[in-house]
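What follows is one structure encoded as structure tokens, with my remarks underneath.
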Amino acid sequence: MRSWGERLVPEVEWFYFDEEIEGIGAMEETASLDYLRDVPLDIRTSYCTWAISERARFFTKMEPESFAVLQQELKDQILKKQWELGRGLVFKKDELYEWLGTERLDTPVTILDSGEEVILLHRLLWESLPKRAQHSFLLNYCAMWIKDRSRKATMSEEDVNEIFLATPHLRDMIDAFPLENGPNCLAAVATALSGNRTYKDQWMMSVEFMGILHNEGYHSTDSKHPRRGDVLVWYTQDRTAVHAAYVLTPDYVFNKHGQTMFNPWQLLSVEEVLSAWNQPDLVCVIYRKKSRGT
């Protein structure tokens, strides 16, 4: 939990705008940003930068202490724009209070044109919260990221033990969370199929993953029916692997949705994962390990 809190709430605020405004210092154009190169993964996760509106043409960085001393009118102008453009860590007041398990906060609210009250969760506010409130918030925030519930709890002990007997290296990973942002689905599957746990904490790229798949003796098939030990790979039209899952049984897979620390490694049903990735621009291919002598 402590690691989550340290990574979720940044030391420096990144504010986004669709036009330049006065009173907050120099602004840069978002067109100059290469998000993979210039923006740390923790920042991208905290602010959900993939969801920020394309209308965001400018950004600026600001220490929380500098934001705190701005005139309230300017703070309101900034926060309204963050909400409008979809930047993360701006919450409706009632939602934030509920997640924190509190009835009040010693911080001003910003009133949107709709009348909704919103609050910026920044580092100074976060550090002022009691540990109980931080813990409550993180549990609720984490739950927001999890769309599929792991099936391990609904399975018989015999079936679970059978899975772990075949894949003992996954025993402590299923239903667990990474300590930091980065570990993705490809790294999870590379760990599962190879038994090499040094892969599990990586943000693995498609080329590296496909190399591991090949080196472990896997080949693509025309099969539509997965077997134990198979790998499901979802491709874009340009043959880039964007998701993968490891088949534990004909009914269940080892899967990780997303590369954030709030996306756990899970045991899910094959149907759930196939449905989640049933997109018109993706194709799913079953990879199977070659039998010895073939």
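Lettering and numbering for the structure tokens are positional, with chains as A, B, ... in the shown order, residues counted from 1 in each chain, and ligands counted from 1 in the shown order.
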**Item:** Neighbour list for Glu19 of chain A as JSON, numbers by chain, cut-off 10 Å, only C-alpha atoms, skip fewer than 3 positions in-chain
**Value:** {"A": [16, 27, 29, 55, 56, 57, 58, 59, 81]}
Export of the given selection (C-alpha atoms) as an mmCIF file, in the first residue's frame:
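Output below, filename again_4.cif:
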data_model
loop_
_atom_site.group_PDB
_atom_site.id
_atom_site.type_symbol
_atom_site.label_atom_id
_atom_site.label_comp_id
_atom_site.auth_asym_id
_atom_site.auth_seq_id
_atom_site.Cartn_x
_atom_site.Cartn_y
_atom_site.Cartn_z
ATOM 1 C CA TYR A 16 -3.018 20.398 -19.319
ATOM 2 C CA MET A 27 3.806 26.426 -20.958
ATOM 3 C CA GLU A 29 3.145 22.307 -26.413
ATOM 4 C CA ARG A 55 -7.813 19.216 -27.386
ATOM 5 C CA ALA A 56 -5.042 19.471 -24.783
ATOM 6 C CA ARG A 57 -2.438 21.472 -26.707
ATOM 7 C CA PHE A 58 -0.338 22.816 -23.827
ATOM 8 C CA PHE A 59 1.004 21.592 -20.505
ATOM 9 C CA LYS A 81 -9.727 22.672 -17.322
#
Members of segment 114-252 of chain A assigned helix (DSSP H, G or I) by DSSP, as a PDB file with N, CA and C atoms, in the first residue's frame:
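Contents of out_3.pdb, freshly written:
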ATOM      1  N   ARG A 123      -0.018  16.038  -3.856  1.00  0.00           N
ATOM      2  CA  ARG A 123       0.883  15.471  -2.869  1.00  0.00           C
ATOM      3  C   ARG A 123       0.683  16.065  -1.472  1.00  0.00           C
ATOM      4  N   LEU A 124       0.493  17.371  -1.354  1.00  0.00           N
ATOM      5  CA  LEU A 124       0.330  17.985  -0.032  1.00  0.00           C
ATOM      6  C   LEU A 124      -0.930  17.478   0.656  1.00  0.00           C
ATOM      7  N   LEU A 125      -2.018  17.374  -0.102  1.00  0.00           N
ATOM      8  CA  LEU A 125      -3.259  16.859   0.480  1.00  0.00           C
ATOM      9  C   LEU A 125      -3.085  15.400   0.872  1.00  0.00           C
ATOM     10  N   TRP A 126      -2.462  14.613  -0.006  1.00  0.00           N
ATOM     11  CA  TRP A 126      -2.266  13.197   0.277  1.00  0.00           C
ATOM     12  C   TRP A 126      -1.477  12.990   1.560  1.00  0.00           C
ATOM     13  N   GLU A 127      -0.396  13.723   1.725  1.00  0.00           N
ATOM     14  CA  GLU A 127       0.455  13.543   2.901  1.00  0.00           C
ATOM     15  C   GLU A 127      -0.210  14.029   4.184  1.00  0.00           C
ATOM     16  N   SER A 128      -1.234  14.860   4.054  1.00  0.00           N
ATOM     17  CA  SER A 128      -1.951  15.345   5.242  1.00  0.00           C
ATOM     18  C   SER A 128      -3.000  14.349   5.730  1.00  0.00           C
ATOM     19  N   LYS A 131      -3.258   7.604   7.772  1.00  0.00           N
ATOM     20  CA  LYS A 131      -2.971   6.352   7.064  1.00  0.00           C
ATOM     21  C   LYS A 131      -4.249   5.568   6.775  1.00  0.00           C
ATOM     22  N   ARG A 132      -5.199   5.616   7.694  1.00  0.00           N
ATOM     23  CA  ARG A 132      -6.451   4.893   7.495  1.00  0.00           C
ATOM     24  C   ARG A 132      -7.176   5.397   6.258  1.00  0.00           C
ATOM     25  N   ALA A 133      -7.200   6.717   6.066  1.00  0.00           N
ATOM     26  CA  ALA A 133      -7.874   7.302   4.904  1.00  0.00           C
ATOM     27  C   ALA A 133      -7.121   6.967   3.618  1.00  0.00           C
ATOM     28  N   GLN A 134      -5.783   7.014   3.671  1.00  0.00           N
ATOM     29  CA  GLN A 134      -4.992   6.651   2.495  1.00  0.00           C
ATOM     30  C   GLN A 134      -5.260   5.201   2.092  1.00  0.00           C
ATOM     31  N   HIS A 135      -5.288   4.333   3.080  1.00  0.00           N
ATOM     32  CA  HIS A 135      -5.510   2.910   2.828  1.00  0.00           C
ATOM     33  C   HIS A 135      -6.883   2.691   2.207  1.00  0.00           C
ATOM     34  N   SER A 136      -7.892   3.351   2.754  1.00  0.00           N
ATOM     35  CA  SER A 136      -9.254   3.231   2.235  1.00  0.00           C
ATOM     36  C   SER A 136      -9.332   3.714   0.795  1.00  0.00           C
ATOM     37  N   PHE A 137      -8.688   4.845   0.519  1.00  0.00           N
ATOM     38  CA  PHE A 137      -8.712   5.385  -0.839  1.00  0.00           C
ATOM     39  C   PHE A 137      -8.067   4.420  -1.825  1.00  0.00           C
ATOM     40  N   LEU A 138      -6.902   3.893  -1.477  1.00  0.00           N
ATOM     41  CA  LEU A 138      -6.174   3.022  -2.398  1.00  0.00           C
ATOM     42  C   LEU A 138      -6.959   1.756  -2.718  1.00  0.00           C
ATOM     43  N   LEU A 139      -7.634   1.197  -1.726  1.00  0.00           N
ATOM     44  CA  LEU A 139      -8.448   0.010  -1.971  1.00  0.00           C
ATOM     45  C   LEU A 139      -9.588   0.320  -2.933  1.00  0.00           C
ATOM     46  N   ASN A 140     -10.244   1.453  -2.732  1.00  0.00           N
ATOM     47  CA  ASN A 140     -11.359   1.838  -3.605  1.00  0.00           C
ATOM     48  C   ASN A 140     -10.878   2.219  -4.999  1.00  0.00           C
ATOM     49  N   TYR A 141      -9.751   2.920  -5.061  1.00  0.00           N
ATOM     50  CA  TYR A 141      -9.209   3.326  -6.357  1.00  0.00           C
ATOM     51  C   TYR A 141      -8.766   2.097  -7.147  1.00  0.00           C
ATOM     52  N   CYS A 142      -8.139   1.167  -6.467  1.00  0.00           N
ATOM     53  CA  CYS A 142      -7.688  -0.067  -7.112  1.00  0.00           C
ATOM     54  C   CYS A 142      -8.876  -0.841  -7.683  1.00  0.00           C
ATOM     55  N   ALA A 143      -9.963  -0.912  -6.921  1.00  0.00           N
ATOM     56  CA  ALA A 143     -11.145  -1.660  -7.368  1.00  0.00           C
ATOM     57  C   ALA A 143     -11.692  -1.104  -8.672  1.00  0.00           C
ATOM     58  N   MET A 144     -11.499   0.195  -8.897  1.00  0.00           N
ATOM     59  CA  MET A 144     -11.984   0.828 -10.122  1.00  0.00           C
ATOM     60  C   MET A 144     -11.285   0.257 -11.356  1.00  0.00           C
ATOM     61  N   TRP A 145     -10.053  -0.208 -11.190  1.00  0.00           N
ATOM     62  CA  TRP A 145      -9.264  -0.702 -12.316  1.00  0.00           C
ATOM     63  C   TRP A 145      -9.577  -2.151 -12.660  1.00  0.00           C
ATOM     64  N   LYS A 152     -10.267 -17.870  -9.085  1.00  0.00           N
ATOM     65  CA  LYS A 152      -9.628 -18.816  -8.165  1.00  0.00           C
ATOM     66  C   LYS A 152     -10.519 -19.128  -6.964  1.00  0.00           C
ATOM     67  N   ALA A 153     -11.172 -18.097  -6.416  1.00  0.00           N
ATOM     68  CA  ALA A 153     -11.981 -18.282  -5.211  1.00  0.00           C
ATOM     69  C   ALA A 153     -13.204 -19.164  -5.454  1.00  0.00           C
ATOM     70  N   THR A 154     -13.644 -19.265  -6.707  1.00  0.00           N
ATOM     71  CA  THR A 154     -14.844 -20.054  -7.017  1.00  0.00           C
ATOM     72  C   THR A 154     -14.504 -21.474  -7.457  1.00  0.00           C
ATOM     73  N   GLU A 157     -10.710 -26.726  -4.494  1.00  0.00           N
ATOM     74  CA  GLU A 157      -9.315 -26.801  -4.052  1.00  0.00           C
ATOM     75  C   GLU A 157      -8.531 -27.784  -4.906  1.00  0.00           C
ATOM     76  N   GLU A 158      -9.198 -28.846  -5.325  1.00  0.00           N
ATOM     77  CA  GLU A 158      -8.547 -29.857  -6.162  1.00  0.00           C
ATOM     78  C   GLU A 158      -8.124 -29.270  -7.508  1.00  0.00           C
ATOM     79  N   ASP A 159      -9.010 -28.484  -8.130  1.00  0.00           N
ATOM     80  CA  ASP A 159      -8.694 -27.884  -9.432  1.00  0.00           C
ATOM     81  C   ASP A 159      -7.570 -26.859  -9.314  1.00  0.00           C
ATOM     82  N   VAL A 160      -7.601 -26.070  -8.231  1.00  0.00           N
ATOM     83  CA  VAL A 160      -6.553 -25.071  -8.021  1.00  0.00           C
ATOM     84  C   VAL A 160      -5.207 -25.753  -7.808  1.00  0.00           C
ATOM     85  N   ASN A 161      -5.184 -26.782  -6.993  1.00  0.00           N
ATOM     86  CA  ASN A 161      -3.937 -27.504  -6.728  1.00  0.00           C
ATOM     87  C   ASN A 161      -3.381 -28.147  -7.997  1.00  0.00           C
ATOM     88  N   GLU A 162      -4.277 -28.612  -8.864  1.00  0.00           N
ATOM     89  CA  GLU A 162      -3.843 -29.207 -10.125  1.00  0.00           C
ATOM     90  C   GLU A 162      -3.143 -28.168 -11.000  1.00  0.00           C
ATOM     91  N   ILE A 163      -3.675 -26.951 -11.009  1.00  0.00           N
ATOM     92  CA  ILE A 163      -3.057 -25.869 -11.781  1.00  0.00           C
ATOM     93  C   ILE A 163      -1.682 -25.530 -11.221  1.00  0.00           C
ATOM     94  N   PHE A 164      -1.587 -25.416  -9.901  1.00  0.00           N
ATOM     95  CA  PHE A 164      -0.314 -25.041  -9.292  1.00  0.00           C
ATOM     96  C   PHE A 164       0.716 -26.164  -9.383  1.00  0.00           C
ATOM     97  N   LEU A 165       0.255 -27.404  -9.460  1.00  0.00           N
ATOM     98  CA  LEU A 165       1.182 -28.518  -9.638  1.00  0.00           C
ATOM     99  C   LEU A 165       1.867 -28.409 -10.996  1.00  0.00           C
ATOM    100  N   ALA A 166       1.111 -27.949 -12.002  1.00  0.00           N
ATOM    101  CA  ALA A 166       1.665 -27.803 -13.352  1.00  0.00           C
ATOM    102  C   ALA A 166       2.462 -26.516 -13.509  1.00  0.00           C
ATOM    103  N   PRO A 168       3.995 -24.271 -10.721  1.00  0.00           N
ATOM    104  CA  PRO A 168       4.295 -23.825  -9.353  1.00  0.00           C
ATOM    105  C   PRO A 168       4.857 -22.410  -9.299  1.00  0.00           C
ATOM    106  N   HIS A 169       5.476 -21.953 -10.387  1.00  0.00           N
ATOM    107  CA  HIS A 169       6.064 -20.614 -10.411  1.00  0.00           C
ATOM    108  C   HIS A 169       5.011 -19.512 -10.452  1.00  0.00           C
ATOM    109  N   LEU A 170       3.739 -19.878 -10.641  1.00  0.00           N
ATOM    110  CA  LEU A 170       2.669 -18.877 -10.667  1.00  0.00           C
ATOM    111  C   LEU A 170       1.886 -18.818  -9.356  1.00  0.00           C
ATOM    112  N   CYS A 185       0.955  -7.710 -19.731  1.00  0.00           N
ATOM    113  CA  CYS A 185       0.437  -9.042 -20.062  1.00  0.00           C
ATOM    114  C   CYS A 185       1.492  -9.909 -20.737  1.00  0.00           C
ATOM    115  N   LEU A 186       2.300  -9.321 -21.606  1.00  0.00           N
ATOM    116  CA  LEU A 186       3.305 -10.100 -22.329  1.00  0.00           C
ATOM    117  C   LEU A 186       4.357 -10.648 -21.373  1.00  0.00           C
ATOM    118  N   ALA A 187       4.766  -9.831 -20.405  1.00  0.00           N
ATOM    119  CA  ALA A 187       5.734 -10.288 -19.409  1.00  0.00           C
ATOM    120  C   ALA A 187       5.137 -11.388 -18.538  1.00  0.00           C
ATOM    121  N   ALA A 188       3.853 -11.252 -18.210  1.00  0.00           N
ATOM    122  CA  ALA A 188       3.182 -12.269 -17.394  1.00  0.00           C
ATOM    123  C   ALA A 188       3.161 -13.610 -18.116  1.00  0.00           C
ATOM    124  N   VAL A 189       2.825 -13.592 -19.398  1.00  0.00           N
ATOM    125  CA  VAL A 189       2.750 -14.837 -20.165  1.00  0.00           C
ATOM    126  C   VAL A 189       4.144 -15.418 -20.406  1.00  0.00           C
ATOM    127  N   ALA A 190       5.129 -14.551 -20.640  1.00  0.00           N
ATOM    128  CA  ALA A 190       6.507 -15.032 -20.798  1.00  0.00           C
ATOM    129  C   ALA A 190       6.963 -15.760 -19.538  1.00  0.00           C
ATOM    130  N   THR A 191       6.583 -15.235 -18.376  1.00  0.00           N
ATOM    131  CA  THR A 191       6.898 -15.888 -17.105  1.00  0.00           C
ATOM    132  C   THR A 191       6.216 -17.245 -17.015  1.00  0.00           C
ATOM    133  N   ALA A 192       4.939 -17.267 -17.377  1.00  0.00           N
ATOM    134  CA  ALA A 192       4.158 -18.500 -17.264  1.00  0.00           C
ATOM    135  C   ALA A 192       4.693 -19.605 -18.159  1.00  0.00           C
ATOM    136  N   LEU A 193       5.002 -19.289 -19.403  1.00  0.00           N
ATOM    137  CA  LEU A 193       5.383 -20.340 -20.356  1.00  0.00           C
ATOM    138  C   LEU A 193       6.832 -20.800 -20.196  1.00  0.00           C
ATOM    139  N   SER A 194       7.675 -19.923 -19.643  1.00  0.00           N
ATOM    140  CA  SER A 194       9.103 -20.260 -19.526  1.00  0.00           C
ATOM    141  C   SER A 194       9.522 -20.682 -18.127  1.00  0.00           C
ATOM    142  N   ARG A 197      11.094 -16.217 -13.788  1.00  0.00           N
ATOM    143  CA  ARG A 197      10.402 -15.157 -13.054  1.00  0.00           C
ATOM    144  C   ARG A 197      11.085 -13.793 -13.175  1.00  0.00           C
ATOM    145  N   THR A 198      12.238 -13.748 -13.821  1.00  0.00           N
ATOM    146  CA  THR A 198      12.856 -12.435 -14.040  1.00  0.00           C
ATOM    147  C   THR A 198      12.057 -11.624 -15.055  1.00  0.00           C
ATOM    148  N   TYR A 199      11.184 -12.276 -15.798  1.00  0.00           N
ATOM    149  CA  TYR A 199      10.367 -11.562 -16.779  1.00  0.00           C
ATOM    150  C   TYR A 199       9.195 -10.813 -16.138  1.00  0.00           C
ATOM    151  N   SER A 206       6.462  -6.282 -27.881  1.00  0.00           N
ATOM    152  CA  SER A 206       5.987  -7.361 -28.748  1.00  0.00           C
ATOM    153  C   SER A 206       7.130  -8.180 -29.340  1.00  0.00           C
ATOM    154  N   VAL A 207       8.173  -7.513 -29.830  1.00  0.00           N
ATOM    155  CA  VAL A 207       9.277  -8.221 -30.487  1.00  0.00           C
ATOM    156  C   VAL A 207       9.972  -9.170 -29.516  1.00  0.00           C
ATOM    157  N   GLU A 208      10.247  -8.691 -28.295  1.00  0.00           N
ATOM    158  CA  GLU A 208      10.907  -9.545 -27.304  1.00  0.00           C
ATOM    159  C   GLU A 208      10.013 -10.727 -26.938  1.00  0.00           C
ATOM    160  N   PHE A 209       8.724 -10.457 -26.755  1.00  0.00           N
ATOM    161  CA  PHE A 209       7.796 -11.530 -26.390  1.00  0.00           C
ATOM    162  C   PHE A 209       7.742 -12.614 -27.461  1.00  0.00           C
ATOM    163  N   MET A 210       7.637 -12.209 -28.711  1.00  0.00           N
ATOM    164  CA  MET A 210       7.557 -13.195 -29.789  1.00  0.00           C
ATOM    165  C   MET A 210       8.847 -14.001 -29.901  1.00  0.00           C
ATOM    166  N   GLY A 211       9.983 -13.369 -29.571  1.00  0.00           N
ATOM    167  CA  GLY A 211      11.249 -14.095 -29.558  1.00  0.00           C
ATOM    168  C   GLY A 211      11.268 -15.173 -28.491  1.00  0.00           C
ATOM    169  N   ILE A 212      10.750 -14.850 -27.304  1.00  0.00           N
ATOM    170  CA  ILE A 212      10.681 -15.836 -26.219  1.00  0.00           C
ATOM    171  C   ILE A 212       9.739 -16.976 -26.601  1.00  0.00           C
ATOM    172  N   LEU A 213       8.602 -16.620 -27.188  1.00  0.00           N
ATOM    173  CA  LEU A 213       7.631 -17.628 -27.617  1.00  0.00           C
ATOM    174  C   LEU A 213       8.281 -18.613 -28.600  1.00  0.00           C
ATOM    175  N   HIS A 214       9.029 -18.072 -29.542  1.00  0.00           N
ATOM    176  CA  HIS A 214       9.712 -18.909 -30.543  1.00  0.00           C
ATOM    177  C   HIS A 214      10.789 -19.776 -29.886  1.00  0.00           C
ATOM    178  N   ASN A 215      11.586 -19.159 -29.004  1.00  0.00           N
ATOM    179  CA  ASN A 215      12.680 -19.895 -28.368  1.00  0.00           C
ATOM    180  C   ASN A 215      12.174 -21.028 -27.473  1.00  0.00           C
TER     181      ASN A 215
END
**Message:** Can you pull out the residues contacting Leu89 of chain A? Cut-off 10 Å, using only C-alpha atoms, and skip same-chain residues under 5 positions away; I want them as a PyMOL selection string.
**Reply:** chain A and resi 8-10+46-48+82-83+96+119-122
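The closest residue to Gln72 of chain A, picked from A:Arg87, A:Leu268, A:Asp34, A:Ile111 and counting only C-alpha atoms, is A:Ile111.
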**Request:** Write out as a list in words all residues of segment 205-249 of chain A that DSSP puts in strand (DSSP E or B) for this structure's backbone.
**Result:** Tyr218, His219, Ser220, Val231, Leu232, Val233, Trp234, Tyr235, Ala241, Val242, His243, Ala244, Ala245, Tyr246 and Val247 of chain A
